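In what follows, a structure is listed as structure tokens, so that the remarks can point back to it.
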There are 2 protein chains.
Amino acid sequence: MQISSRLSIAIHILACIETFKDEHKVTSDFLAGSVHVNPVVIRRLLSQLKAAGIVDVARGTGGAGIVKPLQEITMLDIYRAVDCVENGELFHFHEDPNPECPVGRNIHAVLDGRLDRVQQAMENEMQRITMAEIIAETKELIRSQA
Amino acid sequence: MQISSRLSIAIHILACIETFKDEHKVTSDFLAGSVHVNPVVIRRLLSQLKAAGIVDVARGTGGAGIVKPLQEITMLDIYRAVDCVENGELFHFHEDPNPECPVGRNIHAVLDGRLDRVQQAMENEMQRITMAEIIAETKELIRSQA
DNA sequence: ATCGTTGTAATCAAGATGATTACAACAAAC
DNA sequence: GTTTGTTGTAATCATCTTGATTACAACGAT
């Protein structure tokens with residue numbers, strides 16, 4: 001199974017908020033139009049991003065804004081905020097190996113550390129990517145197309 | 001969503017085959033007993049490992065064996081063999097961003113390379129882990145418990 | 001021919017994902 | 001203080017993936 005599109009959608013949302021913050025009020029309906037998903041999906045993601053201290057959403061009046069400095073928002077922060085994998089564990093381990101079997105009894109001890117290392121490698125790379133660079137590149141592309 | 005337990009099960013299978021190859025004929029029923037999953041699940045995984053040139057399964061007579069040198073079987077090989085993510089793509093991207101929106105039009109260009117880098121980091125780490133070390137550690141643990 | 005296997009199709013329940021509807025809570029503007 | 005446009009959230013739904021399970025034909029050795 002793949003990692004949920006919630007990650008790419010959340011990044012898309014943040015890029016939109018930053019790009020349009022001075023022109024429109026950025027509502028869940030507006031975002032839904034750019035991402036092409038249901039507004040409720042956007043609101044759920046905004047809720048999670050808000051709980052992570054990344055955005056602020058104006059209840060009643062409407063509109064979302066980014067409240068954390070862009071260079072401090074990493075892809076890892078977003079990935080964690082939108083809860084892409086259960087329990088933060090990238091790999092699903094078969095839960096019930098047979099303890100009567102010498103291999104079944106030890107497979108966890110042998111694999112856990114190694115799977116952790118793989119997950120760490122992925123998360124380290126995610127941590128190196130910031131919304132600042134993503135938005136800078138997005139704006140640059142938009143400018144070059146104007 | 002997490003990466004399927006097919007990966008951990010496949011590794012468990014290979015560790016079992018290597019550990020018991022001199023004592024029993026290693027059938028899908030035997031493996032199912034150690035992993036605690038249905039024998040058909042084992043057979044499906046063995047099929048995939050066979051297609052990848054990692055094991056050989058004796059039809060009719062029964063029993064599986066490893067046909068590739070253990071130090072040449074990496075976790076990445078197994079991960080790919082058992083088809084853990086669709087299309088080999090770790091991340092699911094929302095497929096339909098709005099091309100009318102400047103951000104929607106460019107989000108793919110901005111993110112694709114970065115997501116690839118993250119996936120690469122994960123796969124590189126997987127490639128460093130071999131069945132030789134996994135089985136060596138397993139045998140060591142078993143010895144220490146005898 | 002018999003026997004224990006494998007390969008594979010078919011079906012099923014469970015869980016996750018997004019889409020969608022619905023509506024109360026809310027804050028600003030009038 | 002009512003109206004208006006939003007947000008937050010629950011509830012339902014179809015679809016997909018997973019893994020369990022049943023069933024059985026194909027197979028190879030004895």
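Going by the structure tokens order, chains are called A, B, ..., each with residues numbered from 1, while ligands are numbered from 1 in the order shown.
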
Worksheet entry | Interface residues on chain B facing chain A, 6 Å, only C-alpha atoms, written as a PyMOL selection string | chain B and resi 1-5+8+34-36+85+90-94+97-98+101+104+118+121-122+125

Any chance you could lay chain B over chain A, fitting all C-alpha atoms in order by least squares, and write the moved chain as a PDB file with C-alpha atoms, in the first residue's frame?
ATOM      1  CA  MET B   1      -0.029  -0.032  -0.092  1.00  0.00           C
ATOM      2  CA  GLN B   2       1.081   3.472  -0.814  1.00  0.00           C
ATOM      3  CA  ILE B   3       1.409   6.389   1.534  1.00  0.00           C
ATOM      4  CA  SER B   4      -1.851   8.344   1.457  1.00  0.00           C
ATOM      5  CA  SER B   5      -2.259  11.266  -0.901  1.00  0.00           C
ATOM      6  CA  ARG B   6      -3.048  13.254   2.227  1.00  0.00           C
ATOM      7  CA  LEU B   7       0.629  14.197   2.220  1.00  0.00           C
ATOM      8  CA  SER B   8       0.677  15.634  -1.287  1.00  0.00           C
ATOM      9  CA  ILE B   9      -2.691  17.295  -0.733  1.00  0.00           C
ATOM     10  CA  ALA B  10      -1.545  18.920   2.499  1.00  0.00           C
ATOM     11  CA  ILE B  11       1.525  20.326   0.768  1.00  0.00           C
ATOM     12  CA  HIS B  12      -0.654  21.562  -2.071  1.00  0.00           C
ATOM     13  CA  ILE B  13      -2.889  23.268   0.489  1.00  0.00           C
ATOM     14  CA  LEU B  14       0.002  25.060   2.153  1.00  0.00           C
ATOM     15  CA  ALA B  15       1.399  26.160  -1.200  1.00  0.00           C
ATOM     16  CA  CYS B  16      -2.011  27.570  -2.110  1.00  0.00           C
ATOM     17  CA  ILE B  17      -2.494  29.401   1.147  1.00  0.00           C
ATOM     18  CA  GLU B  18       0.879  31.079   0.796  1.00  0.00           C
ATOM     19  CA  THR B  19       0.398  31.894  -2.891  1.00  0.00           C
ATOM     20  CA  PHE B  20      -3.062  33.417  -2.585  1.00  0.00           C
ATOM     21  CA  LYS B  21      -3.071  34.830   0.923  1.00  0.00           C
ATOM     22  CA  ASP B  22      -2.906  38.450  -0.316  1.00  0.00           C
ATOM     23  CA  GLU B  23      -5.513  38.095  -3.043  1.00  0.00           C
ATOM     24  CA  HIS B  24      -8.358  35.985  -1.654  1.00  0.00           C
ATOM     25  CA  LYS B  25      -9.635  34.690   1.575  1.00  0.00           C
ATOM     26  CA  VAL B  26      -8.449  31.087   1.314  1.00  0.00           C
ATOM     27  CA  THR B  27     -11.429  28.933   2.253  1.00  0.00           C
ATOM     28  CA  SER B  28     -11.892  25.185   2.148  1.00  0.00           C
ATOM     29  CA  ASP B  29     -14.050  25.633  -0.944  1.00  0.00           C
ATOM     30  CA  PHE B  30     -11.358  27.567  -2.741  1.00  0.00           C
ATOM     31  CA  LEU B  31      -8.731  24.995  -1.827  1.00  0.00           C
ATOM     32  CA  ALA B  32     -11.034  22.173  -2.848  1.00  0.00           C
ATOM     33  CA  GLY B  33     -11.239  23.773  -6.263  1.00  0.00           C
ATOM     34  CA  SER B  34      -7.486  23.833  -6.720  1.00  0.00           C
ATOM     35  CA  VAL B  35      -6.806  20.351  -5.366  1.00  0.00           C
ATOM     36  CA  HIS B  36      -9.957  18.835  -6.860  1.00  0.00           C
ATOM     37  CA  VAL B  37     -11.183  17.020  -3.804  1.00  0.00           C
ATOM     38  CA  ASN B  38     -14.195  17.467  -1.597  1.00  0.00           C
ATOM     39  CA  PRO B  39     -14.124  20.514   0.725  1.00  0.00           C
ATOM     40  CA  VAL B  40     -14.648  18.258   3.719  1.00  0.00           C
ATOM     41  CA  VAL B  41     -11.392  16.487   2.923  1.00  0.00           C
ATOM     42  CA  ILE B  42      -9.682  19.883   2.957  1.00  0.00           C
ATOM     43  CA  ARG B  43     -11.245  20.806   6.267  1.00  0.00           C
ATOM     44  CA  ARG B  44     -10.127  17.569   7.840  1.00  0.00           C
ATOM     45  CA  LEU B  45      -6.565  18.138   6.676  1.00  0.00           C
ATOM     46  CA  LEU B  46      -6.653  21.754   7.837  1.00  0.00           C
ATOM     47  CA  SER B  47      -7.799  20.506  11.247  1.00  0.00           C
ATOM     48  CA  GLN B  48      -4.803  18.226  11.436  1.00  0.00           C
ATOM     49  CA  LEU B  49      -2.396  20.918  10.253  1.00  0.00           C
ATOM     50  CA  LYS B  50      -3.907  23.245  12.836  1.00  0.00           C
ATOM     51  CA  ALA B  51      -3.479  20.690  15.613  1.00  0.00           C
ATOM     52  CA  ALA B  52       0.170  20.473  14.584  1.00  0.00           C
ATOM     53  CA  GLY B  53       0.563  24.228  14.928  1.00  0.00           C
ATOM     54  CA  ILE B  54       1.226  24.767  11.239  1.00  0.00           C
ATOM     55  CA  VAL B  55      -1.855  26.723  10.206  1.00  0.00           C
ATOM     56  CA  ASP B  56      -4.618  28.710  11.765  1.00  0.00           C
ATOM     57  CA  VAL B  57      -8.197  28.492  10.529  1.00  0.00           C
ATOM     58  CA  ALA B  58     -10.677  31.285  11.125  1.00  0.00           C
ATOM     59  CA  ARG B  59     -13.906  29.802  12.310  1.00  0.00           C
ATOM     60  CA  GLY B  60     -17.072  31.699  11.418  1.00  0.00           C
ATOM     61  CA  THR B  61     -15.404  34.234   9.220  1.00  0.00           C
ATOM     62  CA  GLY B  62     -13.494  31.640   7.213  1.00  0.00           C
ATOM     63  CA  GLY B  63     -10.045  31.374   5.692  1.00  0.00           C
ATOM     64  CA  ALA B  64      -6.778  29.694   6.605  1.00  0.00           C
ATOM     65  CA  GLY B  65      -3.289  31.062   7.164  1.00  0.00           C
ATOM     66  CA  ILE B  66       0.132  29.634   7.877  1.00  0.00           C
ATOM     67  CA  VAL B  67       1.380  30.438  11.371  1.00  0.00           C
ATOM     68  CA  LYS B  68       4.770  28.738  11.396  1.00  0.00           C
ATOM     69  CA  PRO B  69       7.813  30.137   9.564  1.00  0.00           C
ATOM     70  CA  LEU B  70       8.020  28.382   6.202  1.00  0.00           C
ATOM     71  CA  GLN B  71      11.635  27.354   6.653  1.00  0.00           C
ATOM     72  CA  GLU B  72      10.669  25.583   9.860  1.00  0.00           C
ATOM     73  CA  ILE B  73       7.922  23.486   8.272  1.00  0.00           C
ATOM     74  CA  THR B  74       9.492  20.299   6.957  1.00  0.00           C
ATOM     75  CA  MET B  75       7.868  17.628   4.846  1.00  0.00           C
ATOM     76  CA  LEU B  76       8.289  15.361   7.856  1.00  0.00           C
ATOM     77  CA  ASP B  77       6.208  17.716  10.001  1.00  0.00           C
ATOM     78  CA  ILE B  78       3.412  17.599   7.456  1.00  0.00           C
ATOM     79  CA  TYR B  79       3.698  13.834   7.003  1.00  0.00           C
ATOM     80  CA  ARG B  80       3.324  13.392  10.743  1.00  0.00           C
ATOM     81  CA  ALA B  81       0.576  15.970  11.060  1.00  0.00           C
ATOM     82  CA  VAL B  82      -1.684  14.276   8.558  1.00  0.00           C
ATOM     83  CA  ASP B  83      -1.106  10.839  10.026  1.00  0.00           C
ATOM     84  CA  CYS B  84       0.031   8.946   6.951  1.00  0.00           C
ATOM     85  CA  VAL B  85       0.937   5.677   8.695  1.00  0.00           C
ATOM     86  CA  GLU B  86      -0.599   4.012  11.723  1.00  0.00           C
ATOM     87  CA  ASN B  87       1.282   4.609  14.953  1.00  0.00           C
ATOM     88  CA  GLY B  88       4.062   6.300  13.031  1.00  0.00           C
ATOM     89  CA  GLU B  89       5.200   2.827  11.930  1.00  0.00           C
ATOM     90  CA  LEU B  90       5.976   2.660   8.240  1.00  0.00           C
ATOM     91  CA  PHE B  91       6.031  -1.132   8.107  1.00  0.00           C
ATOM     92  CA  HIS B  92       3.222  -3.447   9.032  1.00  0.00           C
ATOM     93  CA  PHE B  93       4.683  -6.482  10.775  1.00  0.00           C
ATOM     94  CA  HIS B  94       2.780  -9.773  10.825  1.00  0.00           C
ATOM     95  CA  GLU B  95       1.603  -9.723  14.400  1.00  0.00           C
ATOM     96  CA  ASP B  96       1.525 -13.332  15.399  1.00  0.00           C
ATOM     97  CA  PRO B  97       4.672 -15.351  14.586  1.00  0.00           C
ATOM     98  CA  ASN B  98       4.748 -18.749  16.281  1.00  0.00           C
ATOM     99  CA  PRO B  99       6.800 -18.608  19.513  1.00  0.00           C
ATOM    100  CA  GLU B 100       7.220 -22.400  19.354  1.00  0.00           C
ATOM    101  CA  CYS B 101       9.345 -21.957  16.245  1.00  0.00           C
ATOM    102  CA  PRO B 102      12.937 -20.766  16.766  1.00  0.00           C
ATOM    103  CA  VAL B 103      12.622 -18.437  13.807  1.00  0.00           C
ATOM    104  CA  GLY B 104       9.154 -17.196  14.752  1.00  0.00           C
ATOM    105  CA  ARG B 105      10.416 -16.505  18.247  1.00  0.00           C
ATOM    106  CA  ASN B 106      13.280 -14.312  17.038  1.00  0.00           C
ATOM    107  CA  ILE B 107      12.099 -12.685  13.843  1.00  0.00           C
ATOM    108  CA  HIS B 108      10.976  -9.523  15.592  1.00  0.00           C
ATOM    109  CA  ALA B 109      14.269  -9.048  17.392  1.00  0.00           C
ATOM    110  CA  VAL B 110      16.138  -9.477  14.138  1.00  0.00           C
ATOM    111  CA  LEU B 111      13.980  -7.243  11.959  1.00  0.00           C
ATOM    112  CA  ASP B 112      12.738  -4.419  14.172  1.00  0.00           C
ATOM    113  CA  GLY B 113      16.010  -2.519  14.277  1.00  0.00           C
ATOM    114  CA  ARG B 114      16.602  -2.900  10.572  1.00  0.00           C
ATOM    115  CA  LEU B 115      13.115  -1.725   9.620  1.00  0.00           C
ATOM    116  CA  ASP B 116      13.587   1.226  11.952  1.00  0.00           C
ATOM    117  CA  ARG B 117      16.761   2.147  10.115  1.00  0.00           C
ATOM    118  CA  VAL B 118      14.948   2.115   6.799  1.00  0.00           C
ATOM    119  CA  GLN B 119      12.171   4.271   8.200  1.00  0.00           C
ATOM    120  CA  GLN B 120      14.739   6.637   9.698  1.00  0.00           C
ATOM    121  CA  ALA B 121      16.456   7.028   6.337  1.00  0.00           C
ATOM    122  CA  MET B 122      13.141   8.025   4.802  1.00  0.00           C
ATOM    123  CA  GLU B 123      12.250  10.443   7.572  1.00  0.00           C
ATOM    124  CA  ASN B 124      15.691  12.044   7.540  1.00  0.00           C
ATOM    125  CA  GLU B 125      15.297  12.848   3.890  1.00  0.00           C
ATOM    126  CA  MET B 126      11.829  14.254   4.539  1.00  0.00           C
ATOM    127  CA  GLN B 127      13.210  16.469   7.235  1.00  0.00           C
ATOM    128  CA  ARG B 128      15.608  18.080   4.796  1.00  0.00           C
ATOM    129  CA  ILE B 129      12.763  19.353   2.637  1.00  0.00           C
ATOM    130  CA  THR B 130      11.072  22.563   3.778  1.00  0.00           C
ATOM    131  CA  MET B 131       7.937  24.365   2.704  1.00  0.00           C
ATOM    132  CA  ALA B 132      10.154  27.410   2.143  1.00  0.00           C
ATOM    133  CA  GLU B 133      11.941  25.742  -0.781  1.00  0.00           C
ATOM    134  CA  ILE B 134       8.766  24.156  -2.114  1.00  0.00           C
ATOM    135  CA  ILE B 135       6.940  27.466  -2.157  1.00  0.00           C
ATOM    136  CA  ALA B 136       9.949  29.317  -3.561  1.00  0.00           C
ATOM    137  CA  GLU B 137      10.115  26.885  -6.464  1.00  0.00           C
ATOM    138  CA  THR B 138       6.360  27.050  -6.983  1.00  0.00           C
ATOM    139  CA  LYS B 139       6.394  30.849  -7.148  1.00  0.00           C
ATOM    140  CA  GLU B 140       9.328  30.778  -9.513  1.00  0.00           C
ATOM    141  CA  LEU B 141       7.522  28.420 -11.870  1.00  0.00           C
ATOM    142  CA  ILE B 142       4.401  30.551 -11.751  1.00  0.00           C
ATOM    143  CA  ARG B 143       6.430  33.685 -12.484  1.00  0.00           C
ATOM    144  CA  SER B 144       8.116  32.068 -15.443  1.00  0.00           C
ATOM    145  CA  GLN B 145       4.729  31.192 -16.915  1.00  0.00           C
ATOM    146  CA  ALA B 146       3.105  34.613 -16.442  1.00  0.00           C
TER     147      ALA B 146
END

Exercise answer, chain D residues close to chain A, 8 Å and only C-alpha atoms (C1' of nucleotides), as a PDB file with N, CA and C atoms (P, O5', C5', C4', C3', O3' and C1' of nucleotides), in the first residue's frame:
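The result, stored in part23.pdb:
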ATOM      1  P    DG D   5     -24.195  34.617   1.593  1.00  0.00           P
ATOM      2  O5'  DG D   5     -22.729  34.154   1.992  1.00  0.00           O
ATOM      3  C5'  DG D   5     -21.763  35.136   2.327  1.00  0.00           C
ATOM      4  C4'  DG D   5     -20.626  34.460   3.062  1.00  0.00           C
ATOM      5  C3'  DG D   5     -20.155  33.162   2.411  1.00  0.00           C
ATOM      6  O3'  DG D   5     -18.739  33.127   2.493  1.00  0.00           O
ATOM      7  C1'  DG D   5     -20.779  32.744   4.635  1.00  0.00           C
ATOM      8  P    DT D   6     -17.885  32.075   1.701  1.00  0.00           P
ATOM      9  O5'  DT D   6     -16.986  31.432   2.824  1.00  0.00           O
ATOM     10  C5'  DT D   6     -17.608  30.605   3.726  1.00  0.00           C
ATOM     11  C4'  DT D   6     -16.830  30.558   4.998  1.00  0.00           C
ATOM     12  C3'  DT D   6     -16.205  29.195   5.159  1.00  0.00           C
ATOM     13  O3'  DT D   6     -14.801  29.302   5.404  1.00  0.00           O
ATOM     14  C1'  DT D   6     -17.762  29.682   6.930  1.00  0.00           C
ATOM     15  P    DT D   7     -14.011  27.895   5.487  1.00  0.00           P
ATOM     16  O5'  DT D   7     -14.283  27.384   6.979  1.00  0.00           O
ATOM     17  C5'  DT D   7     -13.677  28.075   8.059  1.00  0.00           C
ATOM     18  C4'  DT D   7     -14.099  27.432   9.365  1.00  0.00           C
ATOM     19  C3'  DT D   7     -13.531  26.031   9.590  1.00  0.00           C
ATOM     20  O3'  DT D   7     -13.081  25.944  10.936  1.00  0.00           O
ATOM     21  C1'  DT D   7     -15.880  25.977   9.748  1.00  0.00           C
ATOM     22  P    DG D   8     -12.174  24.714  11.406  1.00  0.00           P
ATOM     23  O5'  DG D   8     -13.256  23.756  12.077  1.00  0.00           O
ATOM     24  C5'  DG D   8     -13.755  24.082  13.346  1.00  0.00           C
ATOM     25  C4'  DG D   8     -14.645  22.972  13.852  1.00  0.00           C
ATOM     26  C3'  DG D   8     -14.005  21.587  13.823  1.00  0.00           C
ATOM     27  O3'  DG D   8     -14.340  20.950  15.065  1.00  0.00           O
ATOM     28  C1'  DG D   8     -16.014  21.552  12.575  1.00  0.00           C
ATOM     29  P    DT D  17      -6.638  -1.460  -5.222  1.00  0.00           P
ATOM     30  O5'  DT D  17      -6.143  -2.030  -3.830  1.00  0.00           O
ATOM     31  C5'  DT D  17      -5.767  -1.109  -2.809  1.00  0.00           C
ATOM     32  C4'  DT D  17      -5.451  -1.873  -1.549  1.00  0.00           C
ATOM     33  C3'  DT D  17      -4.716  -3.192  -1.811  1.00  0.00           C
ATOM     34  O3'  DT D  17      -3.553  -3.213  -0.997  1.00  0.00           O
ATOM     35  C1'  DT D  17      -6.629  -3.546  -0.448  1.00  0.00           C
TER      36       DT D  17
END

Discussion item. Distance limit 10 Å, atoms considered: only C-alpha atoms (C1' of nucleotides). Which chain C residues sit that close to chain B? Return them as a ChimeraX atom specification.
Written reply: /C:3-8,16-17

Worksheet item: Could you pull out all residues of chain A with a DSSP call of strand (DSSP E or B) and give them as a ChimeraX atom specification?
Response: /A:3,55-57,64-66,74,91,130

Item to complete: Check chain B with DSSP on the backbone and list each residue it calls alpha helix (DSSP H), as number ranges by chain.
Response: B: 6-20, 28-35, 39-51, 75-81, 102-127, 131-145

Worksheet item: Suppose you want the space between atom C1' of C:DT11 and atom C1' of D:DT18; what is it in Å?
Response: 13.9 Å

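Counting from atom C1' of D:DC24, the distance to atom C1' of C:DA10 is 11.2 Å.
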
Fill in: Gap from atom C1' of D:DT2 to atom C1' of C:DA24 - Å, one decimal
17.0 Å

Practice prompt. Please provide as a ChimeraX atom specification all residues within 12 Å of D:DA14, with the sequence filter that same-chain residues fewer than 2 positions apart are discarded (counting only C-alpha atoms (C1' of nucleotides)).
Written response: /C:17-20 /D:12,16
